[in-house]
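*Asks:* Could you have a look at this structure, given as structure tokens, before my questions?
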Amino acid sequence: MKKNKILIIKGPIISTGRNIFIDNFKDNIVEFNCIDYIEYYIKEYRNIFSKIVICTWSNQKSFLQKIDPLLLKDIDFIKYLDDDINDKRERKLHFSNNYEYKFLNNTNRALRLLGFSLRNLDINKDDYIYVVRPDMKIDLNETFKNQFLKKLDNNKIVIPCFTKSHAVHDLFFIFTYENALKFFNAQNKKIYPTYNPHTDYPINYLFSKLKKGHLRNLLYKLRKSVFGRALFLELISFSFIPTSRNFLIGIHWRGRKVESHEIPSYFNFNKNNLVSFLYNTLKLLIKIFLSKFIVISH
């Protein structure tokens, strides 16, 4: 059976935030209109994707109407989710000019939008889902190769990269529809939320995959431990496949091209392997044991 590809462009049409990967971005906050990037995906990949879906907030309707009418007809679904005023918990960032920027807490909002975008697609469970941000322009051609897509058939999820501790970056996802639904549903059963999506997403996904038993009970007891959560990331890392440094170089983010020297040193593009896993797991188990021993001895 032929496996179709579905593109979901998910997020606000007017996007506010930084447009550089490195952490020391100082006062680098921009407001960006994503229409050009949305049109790029339609023009470049309409013949690749069986469906193109745009999913955004209801307050973005007027911005989306500015898409070229000839391209607008090539969008299969435009889905608007009502913006819930109760979901607007703000986080604050301080910059060198002493100006305090306030942003909505995007973790729960992004999940709500992901869940909404996956509804009623009328597709097969083995079809491939590409979830991208409207404020990022990505060359996806490498991901259409059979060698790349075979990885997804082994219940893997493609991500941009890990951190050194195997936390997951969430700038985009590629997975089968079945795994997309499993990944989203896992986030509705939060184990110990820290509101850091890079660690919460994979850890919640790990627990959803574990059957009830001694291992699950043991891990649950460690859910509040820093070392325990690091161990969780090691365990679930085999479910994710990072792209490459070269894949990220050249991405355009909010109007700006990402350069090679801007890729942070902690971005990890290596798949976990058994030797690395055993070594890191042993270190973490020793740290967990010592931390428990120290607490008991006091």
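So you can find residues: chains in the structure tokens are A, B, ... in the order shown, residues in each start at 1, and ligands are numbered from 1 in order.
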Looking only at alpha helix (DSSP H) from DSSP on the backbone, list the matching residues of region 77-297 of chain A as an mmCIF file with N, CA and C atoms, in the first residue's frame.

*Replies:*
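Output (out_20.cif):
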```
data_model
loop_
_atom_site.group_PDB
_atom_site.id
_atom_site.type_symbol
_atom_site.label_atom_id
_atom_site.label_comp_id
_atom_site.auth_asym_id
_atom_site.auth_seq_id
_atom_site.Cartn_x
_atom_site.Cartn_y
_atom_site.Cartn_z
ATOM 1 N N ASN A 106 4.310 28.584 25.830
ATOM 2 C CA ASN A 106 3.961 27.903 24.590
ATOM 3 C C ASN A 106 3.839 26.394 24.710
ATOM 4 N N THR A 107 4.248 25.807 25.829
ATOM 5 C CA THR A 107 4.265 24.350 25.919
ATOM 6 C C THR A 107 2.867 23.761 25.752
ATOM 7 N N ASN A 108 1.937 24.159 26.588
ATOM 8 C CA ASN A 108 0.585 23.608 26.510
ATOM 9 C C ASN A 108 -0.149 24.076 25.263
ATOM 10 N N ARG A 109 0.113 25.302 24.863
ATOM 11 C CA ARG A 109 -0.556 25.836 23.677
ATOM 12 C C ARG A 109 -0.132 25.071 22.420
ATOM 13 N N ALA A 110 1.152 24.786 22.319
ATOM 14 C CA ALA A 110 1.655 24.040 21.158
ATOM 15 C C ALA A 110 1.048 22.647 21.106
ATOM 16 N N LEU A 111 0.882 22.024 22.275
ATOM 17 C CA LEU A 111 0.289 20.690 22.325
ATOM 18 C C LEU A 111 -1.184 20.715 21.918
ATOM 19 N N ARG A 112 -1.900 21.714 22.372
ATOM 20 C CA ARG A 112 -3.305 21.828 21.998
ATOM 21 C C ARG A 112 -3.446 21.972 20.490
ATOM 22 N N LEU A 113 -2.566 22.773 19.916
ATOM 23 C CA LEU A 113 -2.629 22.993 18.475
ATOM 24 C C LEU A 113 -2.230 21.731 17.705
ATOM 25 N N LEU A 114 -1.249 20.983 18.230
ATOM 26 C CA LEU A 114 -0.860 19.723 17.597
ATOM 27 C C LEU A 114 -2.019 18.736 17.604
ATOM 28 N N GLY A 115 -2.654 18.567 18.762
ATOM 29 C CA GLY A 115 -3.781 17.651 18.851
ATOM 30 C C GLY A 115 -4.903 18.026 17.906
ATOM 31 N N PHE A 116 -5.188 19.322 17.825
ATOM 32 C CA PHE A 116 -6.252 19.807 16.947
ATOM 33 C C PHE A 116 -5.899 19.552 15.485
ATOM 34 N N SER A 117 -4.635 19.728 15.142
ATOM 35 C CA SER A 117 -4.208 19.558 13.746
ATOM 36 C C SER A 117 -4.305 18.102 13.288
ATOM 37 N N ASN A 146 13.718 7.218 0.205
ATOM 38 C CA ASN A 146 13.244 5.955 0.800
ATOM 39 C C ASN A 146 14.076 5.537 1.999
ATOM 40 N N GLN A 147 15.391 5.756 1.904
ATOM 41 C CA GLN A 147 16.282 5.376 3.002
ATOM 42 C C GLN A 147 15.929 6.120 4.282
ATOM 43 N N PHE A 148 15.526 7.372 4.127
ATOM 44 C CA PHE A 148 15.128 8.186 5.275
ATOM 45 C C PHE A 148 13.782 7.700 5.822
ATOM 46 N N LEU A 149 12.826 7.465 4.948
ATOM 47 C CA LEU A 149 11.473 7.123 5.381
ATOM 48 C C LEU A 149 11.399 5.740 6.023
ATOM 49 N N LYS A 150 12.298 4.851 5.657
ATOM 50 C CA LYS A 150 12.304 3.517 6.260
ATOM 51 C C LYS A 150 12.529 3.581 7.763
ATOM 52 N N LYS A 151 13.243 4.615 8.210
ATOM 53 C CA LYS A 151 13.487 4.767 9.642
ATOM 54 C C LYS A 151 12.178 4.952 10.409
ATOM 55 N N LEU A 152 11.232 5.627 9.776
ATOM 56 C CA LEU A 152 9.965 5.911 10.447
ATOM 57 C C LEU A 152 9.115 4.652 10.586
ATOM 58 N N TYR A 177 1.406 8.566 11.121
ATOM 59 C CA TYR A 177 0.209 9.110 11.756
ATOM 60 C C TYR A 177 -0.088 8.389 13.066
ATOM 61 N N GLU A 178 0.112 7.080 13.076
ATOM 62 C CA GLU A 178 -0.118 6.306 14.299
ATOM 63 C C GLU A 178 0.781 6.795 15.425
ATOM 64 N N ASN A 179 2.058 6.996 15.150
ATOM 65 C CA ASN A 179 2.982 7.457 16.187
ATOM 66 C C ASN A 179 2.745 8.913 16.560
ATOM 67 N N ALA A 180 2.263 9.705 15.614
ATOM 68 C CA ALA A 180 1.914 11.091 15.921
ATOM 69 C C ALA A 180 0.805 11.138 16.971
ATOM 70 N N LEU A 181 -0.202 10.285 16.789
ATOM 71 C CA LEU A 181 -1.305 10.235 17.751
ATOM 72 C C LEU A 181 -0.835 9.708 19.109
ATOM 73 N N LYS A 182 0.018 8.687 19.088
ATOM 74 C CA LYS A 182 0.545 8.144 20.346
ATOM 75 C C LYS A 182 1.371 9.193 21.085
ATOM 76 N N PHE A 183 2.182 9.920 20.336
ATOM 77 C CA PHE A 183 3.024 10.952 20.937
ATOM 78 C C PHE A 183 2.166 12.043 21.574
ATOM 79 N N PHE A 184 1.129 12.485 20.846
ATOM 80 C CA PHE A 184 0.254 13.518 21.392
ATOM 81 C C PHE A 184 -0.514 13.013 22.605
ATOM 82 N N ASN A 185 -1.097 11.821 22.510
ATOM 83 C CA ASN A 185 -1.887 11.284 23.622
ATOM 84 C C ASN A 185 -1.039 11.105 24.874
ATOM 85 N N ALA A 186 0.244 10.791 24.685
ATOM 86 C CA ALA A 186 1.137 10.621 25.841
ATOM 87 C C ALA A 186 1.293 11.916 26.622
ATOM 88 N N PRO A 197 9.431 21.545 27.363
ATOM 89 C CA PRO A 197 9.003 20.541 26.388
ATOM 90 C C PRO A 197 10.126 19.617 25.941
ATOM 91 N N HIS A 198 11.370 20.084 26.003
ATOM 92 C CA HIS A 198 12.493 19.270 25.534
ATOM 93 C C HIS A 198 12.678 18.009 26.387
ATOM 94 N N THR A 199 12.272 18.075 27.641
ATOM 95 C CA THR A 199 12.359 16.890 28.506
ATOM 96 C C THR A 199 10.980 16.283 28.774
ATOM 97 N N ASP A 200 9.970 17.116 28.943
ATOM 98 C CA ASP A 200 8.634 16.591 29.253
ATOM 99 C C ASP A 200 8.087 15.723 28.122
ATOM 100 N N TYR A 201 8.222 16.179 26.882
ATOM 101 C CA TYR A 201 7.664 15.431 25.746
ATOM 102 C C TYR A 201 8.196 13.996 25.685
ATOM 103 N N PRO A 202 9.521 13.815 25.647
ATOM 104 C CA PRO A 202 10.022 12.436 25.540
ATOM 105 C C PRO A 202 9.753 11.589 26.781
ATOM 106 N N ILE A 203 9.801 12.202 27.975
ATOM 107 C CA ILE A 203 9.566 11.427 29.192
ATOM 108 C C ILE A 203 8.117 10.946 29.263
ATOM 109 N N ASN A 204 7.179 11.808 28.938
ATOM 110 C CA ASN A 204 5.779 11.384 28.893
ATOM 111 C C ASN A 204 5.588 10.266 27.867
ATOM 112 N N TYR A 205 6.287 10.384 26.749
ATOM 113 C CA TYR A 205 6.193 9.372 25.688
ATOM 114 C C TYR A 205 6.747 8.030 26.175
ATOM 115 N N LEU A 206 7.839 8.080 26.932
ATOM 116 C CA LEU A 206 8.429 6.859 27.490
ATOM 117 C C LEU A 206 7.417 6.122 28.362
ATOM 118 N N PHE A 207 6.770 6.830 29.284
ATOM 119 C CA PHE A 207 5.852 6.184 30.216
ATOM 120 C C PHE A 207 4.629 5.619 29.498
ATOM 121 N N SER A 208 4.251 6.261 28.395
ATOM 122 C CA SER A 208 3.098 5.739 27.645
ATOM 123 C C SER A 208 3.433 4.421 26.963
ATOM 124 N N LYS A 209 4.712 4.172 26.715
ATOM 125 C CA LYS A 209 5.135 2.951 26.030
ATOM 126 C C LYS A 209 5.396 1.795 26.988
ATOM 127 N N HIS A 214 7.016 -3.707 37.387
ATOM 128 C CA HIS A 214 8.039 -3.240 38.317
ATOM 129 C C HIS A 214 8.892 -2.120 37.730
ATOM 130 N N LEU A 215 9.254 -2.232 36.442
ATOM 131 C CA LEU A 215 10.094 -1.203 35.826
ATOM 132 C C LEU A 215 9.366 0.133 35.795
ATOM 133 N N ARG A 216 8.112 0.115 35.387
ATOM 134 C CA ARG A 216 7.340 1.351 35.343
ATOM 135 C C ARG A 216 7.197 1.952 36.737
ATOM 136 N N ASN A 217 6.935 1.109 37.740
ATOM 137 C CA ASN A 217 6.786 1.594 39.114
ATOM 138 C C ASN A 217 8.083 2.203 39.633
ATOM 139 N N LEU A 218 9.206 1.549 39.289
ATOM 140 C CA LEU A 218 10.508 2.056 39.727
ATOM 141 C C LEU A 218 10.799 3.410 39.096
ATOM 142 N N LEU A 219 10.567 3.502 37.815
ATOM 143 C CA LEU A 219 10.837 4.766 37.124
ATOM 144 C C LEU A 219 9.919 5.873 37.635
ATOM 145 N N TYR A 220 8.678 5.509 37.943
ATOM 146 C CA TYR A 220 7.740 6.520 38.442
ATOM 147 C C TYR A 220 8.243 7.128 39.751
ATOM 148 N N LYS A 221 8.855 6.299 40.592
ATOM 149 C CA LYS A 221 9.382 6.796 41.859
ATOM 150 C C LYS A 221 10.548 7.765 41.657
ATOM 151 N N VAL A 226 16.462 14.667 39.370
ATOM 152 C CA VAL A 226 17.191 15.161 38.197
ATOM 153 C C VAL A 226 17.898 14.008 37.499
ATOM 154 N N PHE A 227 18.539 13.144 38.284
ATOM 155 C CA PHE A 227 19.247 12.009 37.701
ATOM 156 C C PHE A 227 18.262 10.991 37.128
ATOM 157 N N GLY A 228 17.129 10.851 37.803
ATOM 158 C CA GLY A 228 16.109 9.930 37.305
ATOM 159 C C GLY A 228 15.580 10.367 35.953
ATOM 160 N N ARG A 229 15.331 11.664 35.812
ATOM 161 C CA ARG A 229 14.823 12.185 34.533
ATOM 162 C C ARG A 229 15.880 12.056 33.436
ATOM 163 N N ALA A 230 17.146 12.209 33.819
ATOM 164 C CA ALA A 230 18.227 12.010 32.844
ATOM 165 C C ALA A 230 18.261 10.560 32.376
ATOM 166 N N LEU A 231 17.988 9.637 33.299
ATOM 167 C CA LEU A 231 17.925 8.220 32.942
ATOM 168 C C LEU A 231 16.763 7.961 31.990
ATOM 169 N N PHE A 232 15.631 8.608 32.232
ATOM 170 C CA PHE A 232 14.473 8.452 31.349
ATOM 171 C C PHE A 232 14.832 8.860 29.911
ATOM 172 N N LEU A 233 15.569 9.977 29.797
ATOM 173 C CA LEU A 233 15.930 10.471 28.469
ATOM 174 C C LEU A 233 16.836 9.485 27.737
ATOM 175 N N GLU A 234 17.704 8.831 28.492
ATOM 176 C CA GLU A 234 18.553 7.805 27.886
ATOM 177 C C GLU A 234 17.695 6.650 27.361
ATOM 178 N N LEU A 235 16.719 6.231 28.152
ATOM 179 C CA LEU A 235 15.890 5.090 27.783
ATOM 180 C C LEU A 235 15.047 5.368 26.543
ATOM 181 N N ILE A 236 14.480 6.571 26.449
ATOM 182 C CA ILE A 236 13.559 6.872 25.355
ATOM 183 C C ILE A 236 14.289 7.357 24.108
ATOM 184 N N ARG A 245 23.683 18.134 11.288
ATOM 185 C CA ARG A 245 24.104 19.533 11.374
ATOM 186 C C ARG A 245 23.860 20.250 10.040
ATOM 187 N N ASN A 246 24.206 19.559 8.962
ATOM 188 C CA ASN A 246 24.025 20.162 7.637
ATOM 189 C C ASN A 246 22.556 20.416 7.333
ATOM 190 N N PHE A 247 21.673 19.573 7.889
ATOM 191 C CA PHE A 247 20.242 19.760 7.655
ATOM 192 C C PHE A 247 19.758 21.069 8.290
ATOM 193 N N LEU A 248 20.271 21.384 9.472
ATOM 194 C CA LEU A 248 19.832 22.600 10.167
ATOM 195 C C LEU A 248 20.450 23.860 9.572
ATOM 196 N N LEU A 274 24.345 1.371 21.841
ATOM 197 C CA LEU A 274 24.331 0.525 23.029
ATOM 198 C C LEU A 274 25.479 0.847 23.975
ATOM 199 N N VAL A 275 26.683 1.062 23.442
ATOM 200 C CA VAL A 275 27.844 1.342 24.292
ATOM 201 C C VAL A 275 27.640 2.647 25.050
ATOM 202 N N SER A 276 27.239 3.684 24.321
ATOM 203 C CA SER A 276 27.002 4.983 24.952
ATOM 204 C C SER A 276 25.879 4.893 25.982
ATOM 205 N N PHE A 277 24.820 4.161 25.613
ATOM 206 C CA PHE A 277 23.681 4.009 26.520
ATOM 207 C C PHE A 277 24.102 3.329 27.825
ATOM 208 N N LEU A 278 24.840 2.232 27.728
ATOM 209 C CA LEU A 278 25.257 1.503 28.916
ATOM 210 C C LEU A 278 26.188 2.341 29.792
ATOM 211 N N TYR A 279 27.085 3.068 29.153
ATOM 212 C CA TYR A 279 28.022 3.920 29.898
ATOM 213 C C TYR A 279 27.272 5.029 30.639
ATOM 214 N N ASN A 280 26.390 5.741 29.922
ATOM 215 C CA ASN A 280 25.651 6.842 30.544
ATOM 216 C C ASN A 280 24.685 6.334 31.614
ATOM 217 N N THR A 281 24.068 5.190 31.352
ATOM 218 C CA THR A 281 23.126 4.630 32.320
ATOM 219 C C THR A 281 23.833 4.222 33.609
ATOM 220 N N LEU A 282 24.996 3.614 33.466
ATOM 221 C CA LEU A 282 25.765 3.223 34.649
ATOM 222 C C LEU A 282 26.133 4.441 35.496
ATOM 223 N N LYS A 283 26.583 5.512 34.839
ATOM 224 C CA LYS A 283 26.924 6.746 35.564
ATOM 225 C C LYS A 283 25.709 7.293 36.307
ATOM 226 N N LEU A 284 24.565 7.285 35.644
ATOM 227 C CA LEU A 284 23.355 7.832 36.256
ATOM 228 C C LEU A 284 22.887 6.968 37.420
ATOM 229 N N LEU A 285 22.962 5.667 37.276
ATOM 230 C CA LEU A 285 22.556 4.778 38.367
ATOM 231 C C LEU A 285 23.444 4.966 39.593
ATOM 232 N N ILE A 286 24.734 5.184 39.370
ATOM 233 C CA ILE A 286 25.655 5.449 40.486
ATOM 234 C C ILE A 286 25.281 6.768 41.167
ATOM 235 N N LYS A 287 24.981 7.782 40.364
ATOM 236 C CA LYS A 287 24.601 9.085 40.925
ATOM 237 C C LYS A 287 23.298 8.992 41.703
ATOM 238 N N ILE A 288 22.335 8.224 41.157
ATOM 239 C CA ILE A 288 21.058 8.045 41.854
ATOM 240 C C ILE A 288 21.281 7.335 43.186
ATOM 241 N N PHE A 289 22.107 6.275 43.162
ATOM 242 C CA PHE A 289 22.403 5.526 44.390
ATOM 243 C C PHE A 289 23.087 6.419 45.417
ATOM 244 N N LEU A 290 24.080 7.192 44.986
ATOM 245 C CA LEU A 290 24.820 8.063 45.909
ATOM 246 C C LEU A 290 23.917 9.149 46.488
ATOM 247 N N SER A 291 23.034 9.686 45.642
ATOM 248 C CA SER A 291 22.134 10.739 46.138
ATOM 249 C C SER A 291 21.180 10.177 47.181
ATOM 250 N N LYS A 292 20.703 8.941 47.007
ATOM 251 C CA LYS A 292 19.830 8.308 47.986
ATOM 252 C C LYS A 292 20.608 7.985 49.259
ATOM 253 N N PHE A 293 21.847 7.528 49.091
ATOM 254 C CA PHE A 293 22.681 7.150 50.232
ATOM 255 C C PHE A 293 22.994 8.367 51.091
ATOM 256 N N ILE A 294 23.315 9.489 50.432
ATOM 257 C CA ILE A 294 23.651 10.711 51.154
ATOM 258 C C ILE A 294 22.456 11.210 51.958
ATOM 259 N N VAL A 295 21.265 11.126 51.332
ATOM 260 C CA VAL A 295 20.036 11.561 52.016
ATOM 261 C C VAL A 295 19.779 10.705 53.246
ATOM 262 N N ILE A 296 19.939 9.378 53.069
ATOM 263 C CA ILE A 296 19.698 8.455 54.187
ATOM 264 C C ILE A 296 20.707 8.683 55.323
ATOM 265 N N SER A 297 21.959 8.878 54.957
ATOM 266 C CA SER A 297 23.003 9.041 55.971
ATOM 267 C C SER A 297 22.830 10.313 56.777
#
```

*Asks:* Would you kindly return, as a VMD selection string, each protein, DNA or RNA residue with an atom no farther than 7 Å from any atom of region 251-255 of chain A, considering only C-alpha atoms and excluding same-chain residues fewer than 2 positions away?

*Replies:* chain A and resid 19 32 135 to 138 248 to 249 257 to 258

*Asks:* Just give me the gap between CA of Ile241 (chain A) and CA of Val158 (chain A) in Å, one decimal is fine.

*Replies:*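 Taking CA of Ile241 (chain A) and CA of Val158 (chain A), their separation equals 4.7 Å.
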
*Asks:* Neighbours of Phe21 (chain A) within 7 Å (only C-alpha atoms; same-chain residues fewer than 3 positions away dropped), as number ranges by chain?

*Replies:* A: 262-264

*Asks:* Quick one, how far is CA of Arg46 (chain A) from CA of Glu259 (chain A)?

*Replies:*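 Result for CA of Arg46 (chain A) versus CA of Glu259 (chain A): 27.5 Å, one decimal.
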
*Asks:* To one decimal place in Å, what is the distance between CA of Gln60 (chain A) and CA of Ile174 (chain A)?

*Replies:*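 Separation between CA of Gln60 (chain A) and CA of Ile174 (chain A): 24.9 Å.
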
*Asks:* Please provide as a VMD selection string all residues within 12 Å of Asn47 (chain A), with the sequence filter that same-chain residues fewer than 5 positions apart are discarded (counting only C-alpha atoms).

*Replies:* chain A and resid 4 to 7 41 to 42 52 74 to 75

*Asks:* Convert the current residue selection to file output with N, CA and C atoms, as a CSV table (one decimal), in the first residue's frame.

*Replies:*
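Final output, result34.csv:
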```
chain,number,residue,atom,x,y,z
A,4,ASN,N,1.1,7.8,2.0
A,4,ASN,CA,1.1,9.2,1.6
A,4,ASN,C,1.8,10.1,2.6
A,5,LYS,N,2.2,11.3,2.2
A,5,LYS,CA,2.8,12.3,3.0
A,5,LYS,C,1.9,13.4,3.2
A,6,ILE,N,1.7,13.8,4.5
A,6,ILE,CA,0.8,14.9,4.9
A,6,ILE,C,1.7,16.0,5.5
A,7,LEU,N,1.5,17.2,5.1
A,7,LEU,CA,2.3,18.4,5.7
A,7,LEU,C,1.3,19.2,6.6
A,41,TYR,N,6.2,26.5,1.1
A,41,TYR,CA,5.9,25.1,1.3
A,41,TYR,C,4.9,24.7,0.2
A,42,ILE,N,3.9,25.5,-0.1
A,42,ILE,CA,2.9,25.1,-1.1
A,42,ILE,C,3.5,25.0,-2.5
A,52,ILE,N,-2.1,19.2,2.4
A,52,ILE,CA,-1.4,20.3,3.1
A,52,ILE,C,-2.4,20.9,4.1
A,74,ASP,N,-4.7,25.5,-3.1
A,74,ASP,CA,-3.9,24.3,-3.0
A,74,ASP,C,-3.8,23.8,-1.6
A,75,ILE,N,-4.4,24.5,-0.6
A,75,ILE,CA,-4.4,24.1,0.8
A,75,ILE,C,-5.6,23.3,1.0
```

*Asks:* Check the smallest atom-to-atom distance from each of A:Ile29, A:Lys51, A:Ile13, A:Asp153 to Arg256 (chain A) using only C-alpha atoms, then report the winner.

*Replies:*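 Looking at the shortest contact to Arg256 (chain A), the residue is A:Ile29.
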
*Asks:* May I have all residues of region 52-273 of chain A that DSSP, computed from the backbone, assigns to strand (DSSP E or B), given as a VMD selection string?

*Replies:* chain A and resid 52 to 57 77 to 81 90 to 94 100 to 104 128 to 132 136 to 137 157 to 159 162 168 173 to 176 240 to 242 252 to 253 256 to 257 268
